[in-house]
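Source file: query14.pdb; contents: PDB, C-alpha atoms.
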```pdb
ATOM      1  CA  MET A   1      -9.323-128.472 -23.893  1.00  0.00           C
ATOM      2  CA  ASN A   2     -12.758-127.403 -25.009  1.00  0.00           C
ATOM      3  CA  ALA A   3     -15.638-129.367 -23.426  1.00  0.00           C
ATOM      4  CA  LEU A   4     -17.365-129.840 -26.792  1.00  0.00           C
ATOM      5  CA  LEU A   5     -14.189-131.234 -28.328  1.00  0.00           C
ATOM      6  CA  LEU A   6     -13.730-133.621 -25.404  1.00  0.00           C
ATOM      7  CA  HIS A   7     -17.341-134.772 -25.735  1.00  0.00           C
ATOM      8  CA  THR A   8     -16.886-135.352 -29.474  1.00  0.00           C
ATOM      9  CA  LEU A   9     -13.653-137.304 -28.918  1.00  0.00           C
ATOM     10  CA  HIS A  10     -15.360-139.393 -26.224  1.00  0.00           C
ATOM     11  CA  GLN A  11     -18.284-140.210 -28.518  1.00  0.00           C
ATOM     12  CA  THR A  12     -15.917-140.949 -31.403  1.00  0.00           C
ATOM     13  CA  PHE A  13     -13.751-143.353 -29.420  1.00  0.00           C
ATOM     14  CA  PHE A  14     -16.599-145.287 -27.857  1.00  0.00           C
ATOM     15  CA  GLY A  15     -18.600-145.313 -31.086  1.00  0.00           C
ATOM     16  CA  GLY A  16     -15.688-147.125 -32.674  1.00  0.00           C
ATOM     17  CA  VAL A  17     -15.473-149.548 -29.761  1.00  0.00           C
ATOM     18  CA  ALA A  18     -19.198-150.290 -29.991  1.00  0.00           C
ATOM     19  CA  ALA A  19     -19.054-150.829 -33.761  1.00  0.00           C
ATOM     20  CA  ALA A  20     -16.064-153.158 -33.467  1.00  0.00           C
ATOM     21  CA  GLY A  21     -17.858-155.063 -30.712  1.00  0.00           C
ATOM     22  CA  PHE A  22     -20.950-155.467 -32.842  1.00  0.00           C
ATOM     23  CA  ALA A  23     -18.768-156.598 -35.755  1.00  0.00           C
ATOM     24  CA  VAL A  24     -17.423-159.379 -33.541  1.00  0.00           C
ATOM     25  CA  LEU A  25     -20.979-160.308 -32.526  1.00  0.00           C
ATOM     26  CA  PHE A  26     -22.056-160.351 -36.184  1.00  0.00           C
ATOM     27  CA  ASN A  27     -19.138-162.689 -36.960  1.00  0.00           C
ATOM     28  CA  CYS A  28     -17.551-160.270 -39.425  1.00  0.00           C
ATOM     29  CA  LYS A  29     -14.051-160.855 -40.737  1.00  0.00           C
ATOM     30  CA  PRO A  30     -11.476-160.092 -38.009  1.00  0.00           C
ATOM     31  CA  ARG A  31      -9.102-158.485 -40.507  1.00  0.00           C
ATOM     32  CA  ASN A  32     -11.741-155.780 -41.123  1.00  0.00           C
ATOM     33  CA  LEU A  33     -12.140-154.795 -37.453  1.00  0.00           C
ATOM     34  CA  PRO A  34     -10.152-151.543 -37.901  1.00  0.00           C
ATOM     35  CA  PHE A  35     -12.538-150.525 -40.704  1.00  0.00           C
ATOM     36  CA  TYR A  36     -15.569-151.281 -38.540  1.00  0.00           C
ATOM     37  CA  TYR A  37     -14.010-149.305 -35.695  1.00  0.00           C
ATOM     38  CA  GLY A  38     -13.430-146.391 -38.071  1.00  0.00           C
ATOM     39  CA  ALA A  39     -16.982-146.539 -39.413  1.00  0.00           C
ATOM     40  CA  GLY A  40     -18.477-146.450 -35.913  1.00  0.00           C
ATOM     41  CA  ALA A  41     -16.154-143.661 -34.849  1.00  0.00           C
ATOM     42  CA  LEU A  42     -16.982-141.624 -37.949  1.00  0.00           C
ATOM     43  CA  ALA A  43     -20.726-142.171 -37.543  1.00  0.00           C
ATOM     44  CA  LEU A  44     -20.813-141.032 -33.940  1.00  0.00           C
ATOM     45  CA  ALA A  45     -18.487-138.106 -34.663  1.00  0.00           C
ATOM     46  CA  ILE A  46     -20.777-136.857 -37.443  1.00  0.00           C
ATOM     47  CA  ARG A  47     -23.893-137.351 -35.315  1.00  0.00           C
ATOM     48  CA  THR A  48     -22.336-135.617 -32.296  1.00  0.00           C
ATOM     49  CA  ILE A  49     -21.160-132.649 -34.363  1.00  0.00           C
ATOM     50  CA  GLY A  50     -24.587-132.425 -35.988  1.00  0.00           C
ATOM     51  CA  GLN A  51     -26.277-132.341 -32.591  1.00  0.00           C
ATOM     52  CA  GLN A  52     -23.829-129.678 -31.422  1.00  0.00           C
ATOM     53  CA  PHE A  53     -24.928-127.556 -34.389  1.00  0.00           C
ATOM     54  CA  GLY A  54     -28.542-127.889 -33.278  1.00  0.00           C
ATOM     55  CA  PHE A  55     -29.835-130.803 -35.354  1.00  0.00           C
ATOM     56  CA  SER A  56     -32.221-133.199 -33.657  1.00  0.00           C
ATOM     57  CA  LEU A  57     -31.149-136.754 -32.888  1.00  0.00           C
ATOM     58  CA  ALA A  58     -33.052-138.093 -35.906  1.00  0.00           C
ATOM     59  CA  VAL A  59     -31.640-135.561 -38.381  1.00  0.00           C
ATOM     60  CA  ALA A  60     -28.060-135.904 -37.138  1.00  0.00           C
ATOM     61  CA  SER A  61     -28.366-139.710 -37.252  1.00  0.00           C
ATOM     62  CA  PHE A  62     -29.745-139.546 -40.800  1.00  0.00           C
ATOM     63  CA  PHE A  63     -26.808-137.513 -42.084  1.00  0.00           C
ATOM     64  CA  ALA A  64     -24.283-139.715 -40.289  1.00  0.00           C
ATOM     65  CA  ALA A  65     -25.808-142.894 -41.747  1.00  0.00           C
ATOM     66  CA  LEU A  66     -26.096-141.300 -45.194  1.00  0.00           C
ATOM     67  CA  LEU A  67     -22.446-140.222 -45.212  1.00  0.00           C
ATOM     68  CA  LEU A  68     -21.358-143.691 -44.088  1.00  0.00           C
ATOM     69  CA  ALA A  69     -23.325-145.352 -46.890  1.00  0.00           C
ATOM     70  CA  ILE A  70     -22.161-142.854 -49.523  1.00  0.00           C
ATOM     71  CA  GLY A  71     -18.553-143.284 -48.431  1.00  0.00           C
ATOM     72  CA  ASP A  72     -18.815-147.055 -48.579  1.00  0.00           C
ATOM     73  CA  ARG A  73     -20.457-146.949 -52.002  1.00  0.00           C
ATOM     74  CA  ALA A  74     -17.822-144.527 -53.345  1.00  0.00           C
ATOM     75  CA  ILE A  75     -14.905-146.554 -52.031  1.00  0.00           C
ATOM     76  CA  ARG A  76     -16.201-149.889 -53.272  1.00  0.00           C
ATOM     77  CA  ASN A  77     -17.714-148.513 -56.525  1.00  0.00           C
ATOM     78  CA  LEU A  78     -20.387-151.176 -56.420  1.00  0.00           C
ATOM     79  CA  HIS A  79     -22.452-151.887 -59.511  1.00  0.00           C
ATOM     80  CA  THR A  80     -25.095-153.859 -57.660  1.00  0.00           C
ATOM     81  CA  PRO A  81     -27.814-152.601 -55.338  1.00  0.00           C
ATOM     82  CA  SER A  82     -26.446-154.658 -52.466  1.00  0.00           C
ATOM     83  CA  GLY A  83     -23.706-153.053 -50.439  1.00  0.00           C
ATOM     84  CA  SER A  84     -21.310-154.143 -47.765  1.00  0.00           C
ATOM     85  CA  VAL A  85     -21.894-154.609 -44.076  1.00  0.00           C
ATOM     86  CA  LEU A  86     -19.495-151.781 -43.175  1.00  0.00           C
ATOM     87  CA  PRO A  87     -22.020-148.906 -42.993  1.00  0.00           C
ATOM     88  CA  LEU A  88     -24.514-151.081 -41.139  1.00  0.00           C
ATOM     89  CA  VAL A  89     -21.991-152.025 -38.477  1.00  0.00           C
ATOM     90  CA  GLY A  90     -20.894-148.386 -38.212  1.00  0.00           C
ATOM     91  CA  ALA A  91     -24.499-147.226 -37.806  1.00  0.00           C
ATOM     92  CA  ILE A  92     -25.289-149.786 -35.093  1.00  0.00           C
ATOM     93  CA  ALA A  93     -23.414-147.601 -32.624  1.00  0.00           C
ATOM     94  CA  MET A  94     -25.905-144.786 -33.285  1.00  0.00           C
ATOM     95  CA  LEU A  95     -28.971-146.737 -32.167  1.00  0.00           C
ATOM     96  CA  PRO A  96     -30.536-144.771 -29.305  1.00  0.00           C
ATOM     97  CA  GLY A  97     -30.508-147.458 -26.603  1.00  0.00           C
ATOM     98  CA  SER A  98     -30.993-145.042 -23.726  1.00  0.00           C
ATOM     99  CA  LEU A  99     -34.047-143.545 -25.443  1.00  0.00           C
ATOM    100  CA  ALA A 100     -35.527-147.007 -25.980  1.00  0.00           C
ATOM    101  CA  ALA A 101     -34.887-147.864 -22.333  1.00  0.00           C
ATOM    102  CA  LYS A 102     -36.591-144.637 -21.268  1.00  0.00           C
ATOM    103  CA  VAL A 103     -39.640-145.517 -23.376  1.00  0.00           C
ATOM    104  CA  PHE A 104     -39.899-148.953 -21.784  1.00  0.00           C
ATOM    105  CA  VAL A 105     -39.443-147.601 -18.255  1.00  0.00           C
ATOM    106  CA  ASN A 106     -42.178-145.015 -18.848  1.00  0.00           C
ATOM    107  CA  VAL A 107     -44.529-147.624 -20.323  1.00  0.00           C
ATOM    108  CA  PHE A 108     -43.988-149.954 -17.357  1.00  0.00           C
ATOM    109  CA  ALA A 109     -44.535-147.088 -14.918  1.00  0.00           C
ATOM    110  CA  PHE A 110     -47.689-146.171 -16.819  1.00  0.00           C
ATOM    111  CA  LEU A 111     -48.989-149.745 -16.658  1.00  0.00           C
ATOM    112  CA  ARG A 112     -48.063-150.196 -12.997  1.00  0.00           C
ATOM    113  CA  THR A 113     -50.283-147.349 -11.789  1.00  0.00           C
ATOM    114  CA  GLY A 114     -53.451-149.156 -12.869  1.00  0.00           C
ATOM    115  CA  GLN A 115     -55.455-145.964 -12.959  1.00  0.00           C
ATOM    116  CA  SER A 116     -55.123-143.314 -15.584  1.00  0.00           C
ATOM    117  CA  PRO A 117     -51.921-141.472 -14.649  1.00  0.00           C
ATOM    118  CA  GLY A 118     -52.966-138.474 -16.635  1.00  0.00           C
ATOM    119  CA  LEU A 119     -51.985-136.629 -19.725  1.00  0.00           C
ATOM    120  CA  PRO A 120     -48.350-135.724 -18.837  1.00  0.00           C
ATOM    121  CA  ALA A 121     -47.257-139.377 -18.547  1.00  0.00           C
ATOM    122  CA  THR A 122     -49.018-140.289 -21.772  1.00  0.00           C
ATOM    123  CA  VAL A 123     -47.462-137.357 -23.632  1.00  0.00           C
ATOM    124  CA  LEU A 124     -44.004-138.296 -22.332  1.00  0.00           C
ATOM    125  CA  ILE A 125     -44.383-141.877 -23.566  1.00  0.00           C
ATOM    126  CA  TRP A 126     -45.584-140.776 -27.010  1.00  0.00           C
ATOM    127  CA  GLU A 127     -42.922-138.098 -27.326  1.00  0.00           C
ATOM    128  CA  ASP A 128     -40.076-140.502 -26.566  1.00  0.00           C
ATOM    129  CA  SER A 129     -41.606-143.272 -28.697  1.00  0.00           C
ATOM    130  CA  THR A 130     -41.988-140.944 -31.660  1.00  0.00           C
ATOM    131  CA  MET A 131     -38.393-139.735 -31.364  1.00  0.00           C
ATOM    132  CA  LEU A 132     -37.184-143.354 -31.163  1.00  0.00           C
ATOM    133  CA  ILE A 133     -39.190-144.413 -34.225  1.00  0.00           C
ATOM    134  CA  PHE A 134     -38.084-141.428 -36.307  1.00  0.00           C
ATOM    135  CA  THR A 135     -34.446-141.920 -35.314  1.00  0.00           C
ATOM    136  CA  LEU A 136     -34.497-145.596 -36.302  1.00  0.00           C
ATOM    137  CA  ALA A 137     -36.278-144.728 -39.552  1.00  0.00           C
ATOM    138  CA  SER A 138     -33.779-141.986 -40.352  1.00  0.00           C
ATOM    139  CA  ILE A 139     -30.819-144.333 -39.823  1.00  0.00           C
ATOM    140  CA  GLY A 140     -32.411-146.934 -42.073  1.00  0.00           C
ATOM    141  CA  THR A 141     -33.249-144.378 -44.730  1.00  0.00           C
ATOM    142  CA  GLY A 142     -29.748-142.915 -44.650  1.00  0.00           C
ATOM    143  CA  LEU A 143     -28.233-146.362 -45.113  1.00  0.00           C
ATOM    144  CA  ALA A 144     -30.613-147.332 -47.932  1.00  0.00           C
ATOM    145  CA  LEU A 145     -30.595-144.190 -50.099  1.00  0.00           C
ATOM    146  CA  PRO A 146     -27.170-144.629 -51.751  1.00  0.00           C
ATOM    147  CA  SER A 147     -28.019-148.178 -52.825  1.00  0.00           C
ATOM    148  CA  LEU A 148     -31.032-146.846 -54.722  1.00  0.00           C
ATOM    149  CA  ILE A 149     -28.887-144.662 -56.946  1.00  0.00           C
ATOM    150  CA  PRO A 150     -27.452-146.635 -59.855  1.00  0.00           C
ATOM    151  CA  ALA A 151     -23.683-146.747 -60.031  1.00  0.00           C
ATOM    152  CA  ALA A 152     -21.992-145.183 -63.029  1.00  0.00           C
ATOM    153  CA  LYS A 153     -20.795-147.679 -65.578  1.00  0.00           C
ATOM    154  CA  THR A 154     -17.084-147.778 -66.199  1.00  0.00           C
ATOM    155  CA  LYS A 155     -15.585-147.618 -69.646  1.00  0.00           C
ATOM    156  CA  GLY A 156     -15.951-150.897 -71.505  1.00  0.00           C
ATOM    157  CA  GLU A 157     -19.086-152.079 -69.668  1.00  0.00           C
ATOM    158  CA  ASN A 158     -22.366-152.649 -71.454  1.00  0.00           C
TER     159      ASN A 158
END
```

Let's see the structure in the file written out as structure tokens.
Amino acid sequence: MNALLLHTLHQTFFGGVAAAGFAVLFNCKPRNLPFYYGAGALALAIRTIGQQFGFSLAVASFFAALLLAIGDRAIRNLHTPSGSVLPLVGAIAMLPGSLAAKVFVNVFAFLRTGQSPGLPATVLIWEDSTMLIFTLASIGTGLALPSLIPAAKTKGEN
């Protein structure tokens, strides 16, 4: 089997597991756990495929979150700006925890030296921090955009 396909299947499976786990932590309805699993699996599959096509982490995460939110809005046909928790739980699995951990480890190493460790360490901290901030912002933006578009009124509504 192709290594890229195996990597995508791995990310898809464990993205679903992570989303279902977060749904349990958020005290979501147990009968909806398969939907939360599917949302997390779909989100990580889209993000992984996007990264395989050369998109950055932030751009791939944006499109995955956007497609989750659009799909949820289309299925539910909501007429209010508020949506469901489904895309949020699905997007939780995309949060870059390893990148955040790397930022904190680099900051602690920077602070531990006491003296100025130089430009390379500072650049590394800012580079990782910027990527983390933009990735979190892109996920939030992707989730919020569909709720800003008014839903079409059905026949018979005022």

Worksheet item: A:Gly97, A:Gly54, A:Gly71, A:Pro34: which is nearest Val17 (chain A), counting only C-alpha atoms?
Response: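 The answer is A:Pro34, which sits nearest to Val17 (chain A).
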
Discussion item. Between CA of Ser61 (chain A) and CA of Ile139 (chain A), what is the distance in Å, rounded to a tenth?
Written reply: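 A separation of 5.8 Å between them.
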
Worksheet entry | the PyMOL selection byres ((chain A and resi 94) around 8) applied to the shown file, residues as a list in words |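 Selected by the PyMOL selection byres ((chain A and resi 94) around 8) here: Gly15, Ala43, Leu44, Arg47, Ser61, Gly90, Ala91, Ile92, Ala93, Leu95 and Pro96 of chain A.
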
Export, as a CSV table (one decimal), keeping the file's coordinate frame, the selected residues with C-alpha atoms.
```csv
chain,number,residue,atom,x,y,z
A,15,GLY,CA,-18.6,-145.3,-31.1
A,43,ALA,CA,-20.7,-142.2,-37.5
A,44,LEU,CA,-20.8,-141.0,-33.9
A,47,ARG,CA,-23.9,-137.4,-35.3
A,61,SER,CA,-28.4,-139.7,-37.3
A,90,GLY,CA,-20.9,-148.4,-38.2
A,91,ALA,CA,-24.5,-147.2,-37.8
A,92,ILE,CA,-25.3,-149.8,-35.1
A,93,ALA,CA,-23.4,-147.6,-32.6
A,95,LEU,CA,-29.0,-146.7,-32.2
A,96,PRO,CA,-30.5,-144.8,-29.3
```

Practice prompt. Find the distance between CA of Phe134 (chain A) and CA of Ala65 (chain A) and write it in Å to one decimal.
Written response: 13.5 Å

Item to complete: Tell me which residues the PyMOL selection byres ((chain A and resi 46) around 12) grabs here, as a VMD selection string.
Response: chain A and resid 8 to 9 11 to 12 15 39 to 45 47 to 53 55 57 59 to 68 90 to 91 94
